[in-house]
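Dropping upload.tsv in here (TSV, C-alpha atoms and all ligand atoms):
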```tsv
chain	number	residue	atom	x	y	z
A	1	MET	CA	25.84	17.06	-27.17
A	2	SER	CA	22.93	18.33	-25.13
A	3	ASN	CA	19.86	16.85	-23.50
A	4	ASN	CA	21.57	13.49	-23.53
A	5	TYR	CA	21.25	10.84	-20.87
A	6	PHE	CA	23.99	8.35	-20.07
A	7	GLY	CA	23.15	5.90	-17.31
A	8	SER	CA	25.79	3.94	-15.46
A	9	THR	CA	24.01	0.59	-15.64
A	10	PHE	CA	23.97	-1.92	-18.47
A	11	PHE	CA	23.18	-5.54	-17.71
A	12	GLY	CA	25.32	-8.32	-19.17
A	13	VAL	CA	28.37	-6.21	-20.02
A	14	ALA	CA	31.69	-7.94	-19.36
A	15	ARG	CA	34.08	-5.01	-19.94
A	16	ARG	CA	32.24	-1.87	-18.91
A	17	ASN	CA	34.89	0.67	-19.88
A	18	ASP	CA	35.28	-0.82	-23.37
A	19	PHE	CA	31.53	-0.91	-23.80
A	20	VAL	CA	30.97	2.68	-22.71
A	21	SER	CA	33.77	4.03	-24.90
A	22	ALA	CA	32.39	2.03	-27.86
A	23	VAL	CA	28.96	3.60	-27.28
A	24	HIS	CA	30.52	7.07	-27.19
A	25	SER	CA	32.44	6.42	-30.39
A	26	LEU	CA	29.27	5.08	-32.06
A	27	LEU	CA	27.37	8.22	-31.09
A	28	ASN	CA	30.24	10.45	-32.19
A	29	SER	CA	29.94	8.93	-35.66
A	30	LEU	CA	26.46	10.44	-36.01
A	31	ARG	CA	25.80	13.68	-37.82
A	32	PRO	CA	26.08	16.51	-35.27
A	33	GLU	CA	22.37	17.33	-35.45
A	34	TRP	CA	21.59	13.71	-34.52
A	35	GLN	CA	23.96	13.65	-31.57
A	36	ARG	CA	21.13	14.93	-29.45
A	37	GLY	CA	18.30	13.18	-27.69
A	38	VAL	CA	20.68	10.36	-26.88
A	39	PHE	CA	19.64	7.80	-24.28
A	40	ALA	CA	22.09	5.14	-23.16
A	41	GLY	CA	21.40	2.98	-20.12
A	42	ASP	CA	19.43	-0.05	-18.94
A	43	ASN	CA	20.38	-1.89	-22.18
A	44	LEU	CA	18.70	0.74	-24.30
A	45	ILE	CA	20.73	2.89	-26.69
A	46	THR	CA	18.93	5.35	-28.91
A	47	PHE	CA	19.43	8.82	-30.37
A	48	GLY	CA	17.52	11.67	-31.96
A	49	LYS	CA	14.60	11.22	-29.54
A	50	ASN	CA	12.63	13.86	-27.63
A	51	LEU	CA	13.05	12.05	-24.29
A	52	SER	CA	10.02	13.97	-23.10
A	53	PHE	CA	10.12	12.42	-19.63
A	54	ARG	CA	13.33	14.35	-18.92
A	55	PHE	CA	11.30	17.56	-19.13
A	56	ASP	CA	8.49	16.28	-16.92
A	57	GLN	CA	9.19	18.39	-13.82
A	58	PRO	CA	7.19	16.44	-11.21
A	59	PHE	CA	8.68	13.17	-12.46
A	60	MET	CA	12.28	14.43	-12.55
A	61	LYS	CA	11.95	16.01	-9.11
A	62	ALA	CA	10.60	12.76	-7.65
A	63	LEU	CA	13.32	10.74	-9.35
A	64	GLU	CA	16.07	13.01	-8.03
A	65	GLU	CA	14.64	12.74	-4.54
A	66	HIS	CA	14.11	8.99	-4.37
A	67	ALA	CA	16.42	7.21	-6.87
A	68	SER	CA	19.60	6.74	-4.91
A	69	ASP	CA	21.90	4.38	-6.80
A	70	GLY	CA	23.12	3.82	-10.36
A	71	VAL	CA	20.53	1.16	-11.15
A	72	GLU	CA	17.61	3.22	-9.87
A	73	LYS	CA	18.82	6.22	-11.88
A	74	SER	CA	19.55	4.24	-15.04
A	75	ILE	CA	16.07	2.71	-15.20
A	76	ILE	CA	14.66	6.22	-15.59
A	77	TRP	CA	12.80	5.35	-18.82
A	78	ARG	CA	11.17	2.32	-17.18
A	79	THR	CA	10.17	4.49	-14.24
A	80	ALA	CA	8.75	7.09	-16.62
A	81	ILE	CA	6.59	4.35	-18.16
A	82	LEU	CA	5.31	3.47	-14.69
A	83	VAL	CA	4.45	7.09	-13.98
A	84	TRP	CA	2.68	7.36	-17.32
A	85	ALA	CA	0.68	4.19	-16.54
A	86	ALA	CA	-0.13	5.43	-13.02
A	87	ARG	CA	-1.31	8.81	-14.33
A	88	ASN	CA	-3.57	7.09	-16.83
A	89	GLY	CA	-4.72	4.71	-14.10
A	90	LEU	CA	-6.01	7.76	-12.24
A	91	ARG	CA	-8.66	8.06	-14.95
A	92	ARG	CA	-10.06	4.68	-13.85
A	93	GLU	CA	-11.62	3.49	-10.65
A	94	GLY	CA	-9.48	1.50	-8.26
A	95	ASP	CA	-6.40	1.26	-6.09
A	96	PHE	CA	-2.73	0.96	-7.03
A	97	VAL	CA	-0.79	-2.27	-6.54
A	98	GLU	CA	2.86	-3.24	-6.82
A	99	CYS	CA	3.77	-6.91	-6.45
A	100	GLY	CA	7.50	-6.93	-5.65
A	101	CYS	CA	8.20	-3.42	-4.36
A	102	TYR	CA	11.72	-4.19	-3.01
A	103	ARG	CA	12.99	-0.85	-1.61
A	104	GLY	CA	9.83	0.91	-2.75
A	105	THR	CA	11.72	3.32	-4.97
A	106	SER	CA	9.56	3.10	-8.11
A	107	SER	CA	6.31	3.37	-6.18
A	108	ARG	CA	7.58	6.23	-4.05
A	109	ILE	CA	8.49	8.12	-7.24
A	110	ILE	CA	5.02	7.40	-8.60
A	111	CYS	CA	3.41	8.77	-5.41
A	112	ASP	CA	5.19	12.11	-5.76
A	113	ALA	CA	4.91	12.37	-9.54
A	114	VAL	CA	1.14	11.75	-9.60
A	115	GLU	CA	0.41	13.55	-6.30
A	116	PHE	CA	-0.99	10.36	-4.86
A	117	ASN	CA	-1.86	12.05	-1.56
A	118	ARG	CA	-4.43	14.16	-3.40
A	119	THR	CA	-6.32	11.02	-4.43
A	120	ASP	CA	-8.60	8.87	-2.29
A	121	ARG	CA	-6.92	5.64	-3.38
A	122	THR	CA	-4.76	3.16	-1.53
A	123	PHE	CA	-1.35	1.98	-2.74
A	124	TYR	CA	-0.75	-1.70	-1.87
A	125	LEU	CA	2.93	-2.68	-1.83
A	126	TYR	CA	3.85	-6.34	-1.48
A	127	ASP	CA	7.21	-7.98	-0.94
A	128	ILE	CA	8.96	-10.69	1.05
A	129	PHE	CA	11.65	-8.07	1.93
A	130	ASP	CA	13.77	-10.66	3.75
A	131	TYR	CA	15.97	-13.48	2.49
A	132	PRO	CA	15.87	-16.24	5.11
A	133	ASP	CA	17.84	-19.49	4.59
A	134	GLY	CA	16.28	-21.69	1.95
A	135	SER	CA	14.71	-18.78	0.06
A	136	THR	CA	14.23	-19.32	-3.65
A	137	HIS	CA	13.54	-15.75	-4.85
A	138	THR	CA	16.35	-13.69	-6.36
A	139	LYS	CA	18.64	-12.25	-3.70
A	140	MET	CA	19.08	-8.50	-3.95
A	141	PRO	CA	21.28	-6.04	-2.02
A	142	GLY	CA	19.76	-4.78	1.21
A	143	MET	CA	17.30	-7.65	1.66
A	144	GLY	CA	17.00	-8.67	5.29
A	145	PRO	CA	14.83	-8.38	8.37
A	146	GLN	CA	15.29	-4.56	8.41
A	147	LEU	CA	14.07	-3.88	4.85
A	148	TYR	CA	10.37	-3.95	5.69
A	149	ASP	CA	10.83	-1.19	8.29
A	150	GLU	CA	12.96	0.84	5.88
A	151	VAL	CA	10.23	0.71	3.24
A	152	CYS	CA	7.54	1.58	5.80
A	153	ARG	CA	9.58	4.67	6.71
A	154	LYS	CA	9.86	5.61	3.04
A	155	PHE	CA	6.04	5.66	2.83
A	156	GLU	CA	5.41	7.38	6.16
A	157	THR	CA	4.27	10.53	4.36
A	158	ILE	CA	1.85	8.60	2.13
A	159	PRO	CA	-0.97	7.87	4.59
A	160	ARG	CA	-2.96	5.73	2.17
A	161	SER	CA	-0.08	3.40	1.38
A	162	ARG	CA	0.05	-0.13	2.77
A	163	VAL	CA	3.41	-1.88	2.88
A	164	ILE	CA	2.61	-5.58	3.23
A	165	LYS	CA	5.16	-8.25	4.07
A	166	GLY	CA	4.29	-11.59	2.57
A	167	LYS	CA	4.62	-13.96	-0.30
A	168	VAL	CA	2.65	-13.40	-3.48
A	169	PRO	CA	0.27	-14.92	-4.45
A	170	GLU	CA	-0.61	-16.35	-0.99
A	171	ILE	CA	-0.74	-12.96	0.76
A	172	LEU	CA	-3.15	-11.62	-1.86
A	173	THR	CA	-5.88	-14.01	-0.75
A	174	SER	CA	-6.06	-12.36	2.68
A	175	ASP	CA	-5.15	-8.74	1.98
A	176	SER	CA	-5.72	-7.12	-1.42
A	177	PRO	CA	-8.02	-4.53	-2.99
A	178	ASP	CA	-11.30	-5.23	-4.79
A	179	ARG	CA	-10.74	-2.74	-7.62
A	180	ILE	CA	-7.39	-1.97	-9.24
A	181	ALA	CA	-6.55	0.89	-11.62
A	182	PHE	CA	-2.79	0.37	-11.78
A	183	LEU	CA	-0.93	-2.93	-11.36
A	184	HIS	CA	2.85	-3.28	-11.49
A	185	ILE	CA	4.20	-6.83	-11.33
A	186	ASP	CA	7.95	-7.08	-10.74
A	187	MET	CA	9.03	-10.22	-8.88
A	188	ASN	CA	11.37	-11.94	-11.37
A	189	ASN	CA	9.52	-15.11	-10.48
A	190	VAL	CA	7.26	-16.86	-13.00
A	191	ALA	CA	4.99	-18.72	-10.55
A	192	ALA	CA	4.47	-15.66	-8.33
A	193	GLU	CA	3.73	-13.39	-11.30
A	194	ILE	CA	1.23	-15.80	-12.87
A	195	GLY	CA	-0.30	-16.35	-9.42
A	196	ALA	CA	-0.73	-12.57	-9.04
A	197	LEU	CA	-2.40	-12.36	-12.44
A	198	ASP	CA	-4.71	-15.27	-11.58
A	199	LEU	CA	-5.93	-13.42	-8.49
A	200	LEU	CA	-5.79	-9.78	-9.49
A	201	PHE	CA	-6.51	-9.45	-13.21
A	202	GLU	CA	-10.27	-9.82	-12.74
A	203	ARG	CA	-10.17	-6.91	-10.31
A	204	VAL	CA	-8.44	-4.55	-12.73
A	205	THR	CA	-10.98	-2.02	-13.96
A	206	PRO	CA	-11.50	-1.92	-17.74
A	207	GLY	CA	-8.98	0.61	-19.02
A	208	GLY	CA	-6.76	-0.10	-15.99
A	209	MET	CA	-3.03	-0.32	-16.58
A	210	ILE	CA	-0.85	-3.40	-16.11
A	211	VAL	CA	2.95	-3.17	-16.38
A	212	LEU	CA	5.03	-6.35	-16.34
A	213	ASP	CA	8.64	-5.60	-15.53
A	214	ASP	CA	11.38	-7.57	-17.34
A	215	TYR	CA	8.88	-8.95	-19.88
A	216	GLY	CA	11.24	-8.00	-22.69
A	217	TYR	CA	14.48	-9.02	-20.99
A	218	LEU	CA	15.96	-12.17	-22.51
A	219	PRO	CA	17.17	-13.67	-19.19
A	220	TYR	CA	13.50	-13.66	-18.09
A	221	ARG	CA	12.25	-15.35	-21.24
A	222	ALA	CA	10.34	-18.01	-19.27
A	223	GLN	CA	8.40	-15.22	-17.58
A	224	ARG	CA	7.57	-13.61	-20.90
A	225	ASP	CA	6.47	-16.94	-22.42
A	226	ALA	CA	4.17	-17.73	-19.50
A	227	GLU	CA	2.68	-14.23	-19.38
A	228	ARG	CA	2.28	-13.96	-23.12
A	229	GLN	CA	0.33	-17.23	-23.14
A	230	TRP	CA	-1.67	-16.26	-20.04
A	231	PHE	CA	-2.84	-13.05	-21.70
A	232	ALA	CA	-3.38	-14.68	-25.11
A	233	GLU	CA	-5.75	-17.19	-23.50
A	234	ARG	CA	-7.82	-14.20	-22.36
A	235	GLY	CA	-7.68	-12.40	-25.70
A	236	TYR	CA	-4.95	-9.86	-24.85
A	237	ASP	CA	-1.68	-9.15	-26.63
A	238	VAL	CA	1.11	-7.86	-24.39
A	239	MET	CA	3.11	-4.95	-25.85
A	240	GLU	CA	6.84	-5.45	-25.35
A	241	LEU	CA	8.28	-2.00	-24.80
A	242	PRO	CA	11.87	-1.01	-25.67
A	243	THR	CA	12.44	-0.53	-21.94
A	244	GLY	CA	12.00	-4.28	-21.44
A	245	GLN	CA	8.59	-3.92	-19.81
A	246	GLY	CA	5.35	-5.50	-20.97
A	247	LEU	CA	2.24	-3.34	-21.17
A	248	VAL	CA	-1.42	-4.29	-21.15
A	249	ILE	CA	-4.34	-1.91	-21.00
A	250	LYS	CA	-7.30	-3.95	-19.85
B	301	LIG	C1	13.41	-6.55	-8.96
B	301	LIG	S1	12.82	-6.43	-7.33
B	301	LIG	C2	11.52	-5.26	-7.45
B	301	LIG	C3	11.96	-3.85	-7.75
B	301	LIG	C4	10.89	-2.81	-7.55
B	301	LIG	N1	9.65	-3.17	-8.21
B	301	LIG	C5	11.31	-1.44	-8.03
B	301	LIG	O1	10.80	-1.01	-9.08
B	301	LIG	O2	12.14	-0.81	-7.40
B	301	LIG	C6	11.97	-7.94	-7.14
B	301	LIG	C7	11.31	-8.09	-5.79
B	301	LIG	O3	10.35	-9.13	-5.84
B	301	LIG	C8	10.27	-9.72	-4.58
B	301	LIG	N2	9.65	-11.04	-4.69
B	301	LIG	C9	10.10	-12.13	-5.37
B	301	LIG	N3	9.25	-13.15	-5.23
B	301	LIG	C10	8.22	-12.68	-4.47
B	301	LIG	C11	7.00	-13.26	-3.99
B	301	LIG	N4	6.65	-14.51	-4.26
B	301	LIG	N5	6.19	-12.48	-3.23
B	301	LIG	C12	6.51	-11.20	-2.93
B	301	LIG	N6	7.64	-10.60	-3.37
B	301	LIG	C13	8.47	-11.34	-4.12
B	301	LIG	C14	11.71	-9.77	-4.09
B	301	LIG	O4	11.75	-9.85	-2.69
B	301	LIG	C15	12.26	-8.45	-4.65
B	301	LIG	O5	12.27	-7.45	-3.68
```
Take the structure in the file and write it out as structure tokens.
Amino acid sequence: MSNNYFGSTFFGVARRNDFVSAVHSLLNSLRPEWQRGVFAGDNLITFGKNLSFRFDQPFMKALEEHASDGVEKSIIWRTAILVWAARNGLRREGDFVECGCYRGTSSRIICDAVEFNRTDRTFYLYDIFDYPDGSTHTKMPGMGPQLYDEVCRKFETIPRSRVIKGKVPEILTSDSPDRIAFLHIDMNNVAAEIGALDLLFERVTPGGMIVLDDYGYLPYRAQRDAERQWFAERGYDVMELPTGQGLVIK
């Protein structure tokens, strides 16, 4: 096999070794000429595809530099979608926004892949970063009082980035851009995501790109239902991508 990608992360798998060997045996049952262009990772298994993003040099270079663990590497196709959306966002007026930046990995990859420093835009990155007692958001590795500083350091070389510690949607009322060309919402939190849409959608420039992470992931069905209805009420149909993201072009 050549040009194939096997990630190390699948969500919901109980017996990883059994699962991975079953995937290999499934792919080995294909005709040899179809045992190429295989992608397996992030709950997506496909074959005979061009996987064009793997030949996108700026994207691959940025990914190699900034994706540090198995999850960040395995979500390569999702990250490629973000880079595609960000590049297309550059054709529209406005700033870039990520609600729920966590370690900042996806946005940092975007900055390199689209040469963000050559633009005159600002990248707004929001997160709570910490997990104090009584928190209700999903706990993730590395969250704590130090994470904000770590993410600030990651964006030190992106002068027009703003790493903002605070809770969405509340923080958006005091510190957010007027015009948005690219909006990534990834908080695994229905109320926060709908709150972000309530405040920011109007500011997205026509033709601006909106990516909703986890929209297609079954464990986040409540999020999908709320967002689907929210967009339907405004005359938009969200595209559920095979990567598990939702896509809207305003
Ligand atoms: C899945 S992670 C984001 C991953 C990141 N977008 C990436 O691509 O690497 C979800 C993040 O949302 C943040 N979050 C959850 N609820 C939030 C809220 N109300 N306001 C701000 N951030 C929130 C969490 O702190 C967490 O870091």
For ligand LIG 301 (chain B), the nearest of the candidates A:Gly94, A:Gly37, A:Pro169, A:Pro145, counting only C-alpha atoms and all ligand atoms: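 Going through A:Gly94, A:Gly37, A:Pro169, A:Pro145 one by one, the smallest distance to ligand LIG 301 (chain B) is for A:Pro169.
Look at Tyr124 in chain A: the protein and nucleic acid residues within 9 Å of it, using only C-alpha atoms and passing over chain neighbours fewer than 5 places away, are Asp95, Phe96, Val97, Glu98, Cys99, Arg160, Ser161, Arg162, Val163, Ile164, Ser176 and Pro177 of chain A.
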With 5 Å added on each side, what axis-aligned box encloses every listed atom of ligand LIG 301 (chain B)? Give the centre and edge lengths in Å to one decimal, as AutoDock Vina command-line options.
```
--center_x 9.8 --center_y -7.7 --center_z -5.9 --size_x 17.2 --size_y 23.7 --size_z 16.4
```
So which residues are near ligand LIG 301 (chain B), meaning at most 7 Å away with only C-alpha atoms and all ligand atoms counted, given back as a CSV table (one decimal) with C-alpha atoms, in the frame of the given file?
```
chain,number,residue,atom,x,y,z
A,98,GLU,CA,2.9,-3.2,-6.8
A,99,CYS,CA,3.8,-6.9,-6.4
A,100,GLY,CA,7.5,-6.9,-5.6
A,101,CYS,CA,8.2,-3.4,-4.4
A,102,TYR,CA,11.7,-4.2,-3.0
A,103,ARG,CA,13.0,-0.8,-1.6
A,104,GLY,CA,9.8,0.9,-2.8
A,105,THR,CA,11.7,3.3,-5.0
A,106,SER,CA,9.6,3.1,-8.1
A,107,SER,CA,6.3,3.4,-6.2
A,126,TYR,CA,3.8,-6.3,-1.5
A,127,ASP,CA,7.2,-8.0,-0.9
A,128,ILE,CA,9.0,-10.7,1.0
A,129,PHE,CA,11.6,-8.1,1.9
A,130,ASP,CA,13.8,-10.7,3.8
A,137,HIS,CA,13.5,-15.8,-4.8
A,138,THR,CA,16.4,-13.7,-6.4
A,140,MET,CA,19.1,-8.5,-4.0
A,166,GLY,CA,4.3,-11.6,2.6
A,167,LYS,CA,4.6,-14.0,-0.3
A,168,VAL,CA,2.6,-13.4,-3.5
A,169,PRO,CA,0.3,-14.9,-4.4
A,186,ASP,CA,8.0,-7.1,-10.7
A,187,MET,CA,9.0,-10.2,-8.9
A,188,ASN,CA,11.4,-11.9,-11.4
A,189,ASN,CA,9.5,-15.1,-10.5
A,192,ALA,CA,4.5,-15.7,-8.3
```
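Compared by their closest atoms to Leu125 in chain A, and using only C-alpha atoms, the residues A:Phe231, A:Gln35, A:Gly142, A:Ile185 rank with A:Ile185 nearest.
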Just give me the gap between CA of Ala196 in chain A and CA of Asp175 in chain A in Å, one decimal is fine.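 CA of Asp175 in chain A lies 12.5 Å from CA of Ala196 in chain A.
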Interatomic distance between CA of Asp133 in chain A and CA of Gly12 in chain A?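 Atom-to-atom, CA of Asp133 in chain A and CA of Gly12 in chain A are spaced 27.3 Å apart.
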Take CA of Gln57 in chain A and CA of Cys111 in chain A and report the distance between them in Å, one decimal.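 One can read the CA of Gln57 in chain A to CA of Cys111 in chain A distance as 14.0 Å.
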List as a PDB file with C-alpha atoms, in the frame of the given file the protein and nucleic acid residues near Asp178 in chain A, meaning an atom at most 10 Å away when all atoms listed in the file are counted, but skip any in the same chain fewer than 5 places from it.
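The result, written out as out-v3.pdb:
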```
ATOM      1  CA  GLY A  94      -9.480   1.500  -8.260  1.00  0.00           C
ATOM      2  CA  ASP A  95      -6.400   1.260  -6.090  1.00  0.00           C
ATOM      3  CA  LEU A 200      -5.790  -9.780  -9.490  1.00  0.00           C
ATOM      4  CA  GLU A 202     -10.270  -9.820 -12.740  1.00  0.00           C
ATOM      5  CA  ARG A 203     -10.170  -6.910 -10.310  1.00  0.00           C
ATOM      6  CA  VAL A 204      -8.440  -4.550 -12.730  1.00  0.00           C
ATOM      7  CA  THR A 205     -10.980  -2.020 -13.960  1.00  0.00           C
TER       8      THR A 205
END
```
Quick one: residues within 9 Å of range 51-56 of chain A, only C-alpha atoms counted, chain neighbours fewer than 2 positions away excluded, as an MDAnalysis selection string? chainID A and resid 3:5 37:39 48:49 58:61 76:77 80:81
Within 9 Å of Val71 in chain A, counting only C-alpha atoms, which residues show up once you throw out same-chain ones fewer than 4 positions away? Write them as a PyMOL selection string, please. chain A and resi 7-10+42+67+75-76
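Using all atoms listed in the file, the smallest distance between any of A:Thr79, A:Val151, A:Gln245, A:Arg16 and Leu218 in chain A comes from A:Gln245.
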Within 10 Å of (6.1, 6.5, -4.3), in the coordinates the file gives, what residues turn up when you count all atoms listed in the file, written out as a compact mmCIF listing (two decimals) with C-alpha atoms, in the frame of the given file?
```txt
# COMPACT_ATOMS: atom_id res chain seq x y z
CA ALA A 62 10.60 12.76 -7.65
CA LEU A 63 13.32 10.74 -9.35
CA HIS A 66 14.11 8.99 -4.37
CA VAL A 83 4.45 7.09 -13.98
CA GLY A 104 9.83 0.91 -2.75
CA THR A 105 11.72 3.32 -4.97
CA SER A 106 9.56 3.10 -8.11
CA SER A 107 6.31 3.37 -6.18
CA ARG A 108 7.58 6.23 -4.05
CA ILE A 109 8.49 8.12 -7.24
CA ILE A 110 5.02 7.40 -8.60
CA CYS A 111 3.41 8.77 -5.41
CA ASP A 112 5.19 12.11 -5.76
CA ALA A 113 4.91 12.37 -9.54
CA VAL A 114 1.14 11.75 -9.60
CA GLU A 115 0.41 13.55 -6.30
CA PHE A 116 -0.99 10.36 -4.86
CA PHE A 123 -1.35 1.98 -2.74
CA LYS A 154 9.86 5.61 3.04
CA PHE A 155 6.04 5.66 2.83
CA THR A 157 4.27 10.53 4.36
CA ILE A 158 1.85 8.60 2.13
CA SER A 161 -0.08 3.40 1.38
```
Neighbours of Gly246 in chain A within 8 Å (only C-alpha atoms; same-chain residues fewer than 3 positions away dropped), as a short mmCIF file (atom, residue, chain, number, x, y, z; two decimals) with C-alpha atoms, in the frame of the given file?
```
data_model
loop_
_atom_site.label_atom_id
_atom_site.label_comp_id
_atom_site.auth_asym_id
_atom_site.auth_seq_id
_atom_site.Cartn_x
_atom_site.Cartn_y
_atom_site.Cartn_z
CA VAL A 211 2.95 -3.17 -16.38
CA LEU A 212 5.03 -6.35 -16.34
CA ASP A 213 8.64 -5.60 -15.53
CA ASP A 214 11.38 -7.57 -17.34
CA TYR A 215 8.88 -8.95 -19.88
CA GLY A 216 11.24 -8.00 -22.69
CA VAL A 238 1.11 -7.86 -24.39
CA MET A 239 3.11 -4.95 -25.85
CA GLU A 240 6.84 -5.45 -25.35
CA LEU A 241 8.28 -2.00 -24.80
#
```
So which one's closest to Ile249 in chain A, A:Gln223, A:Ser174, A:Asn88, A:Ser21? Using only C-alpha atoms, please.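 With only C-alpha atoms as the atom set, the closest residue is A:Asn88.
Checking A:Gly208, A:Thr243, A:Leu82, A:Ile194 one by one against Gln229 in chain A, counting only C-alpha atoms, you find the shortest gap at A:Ile194.
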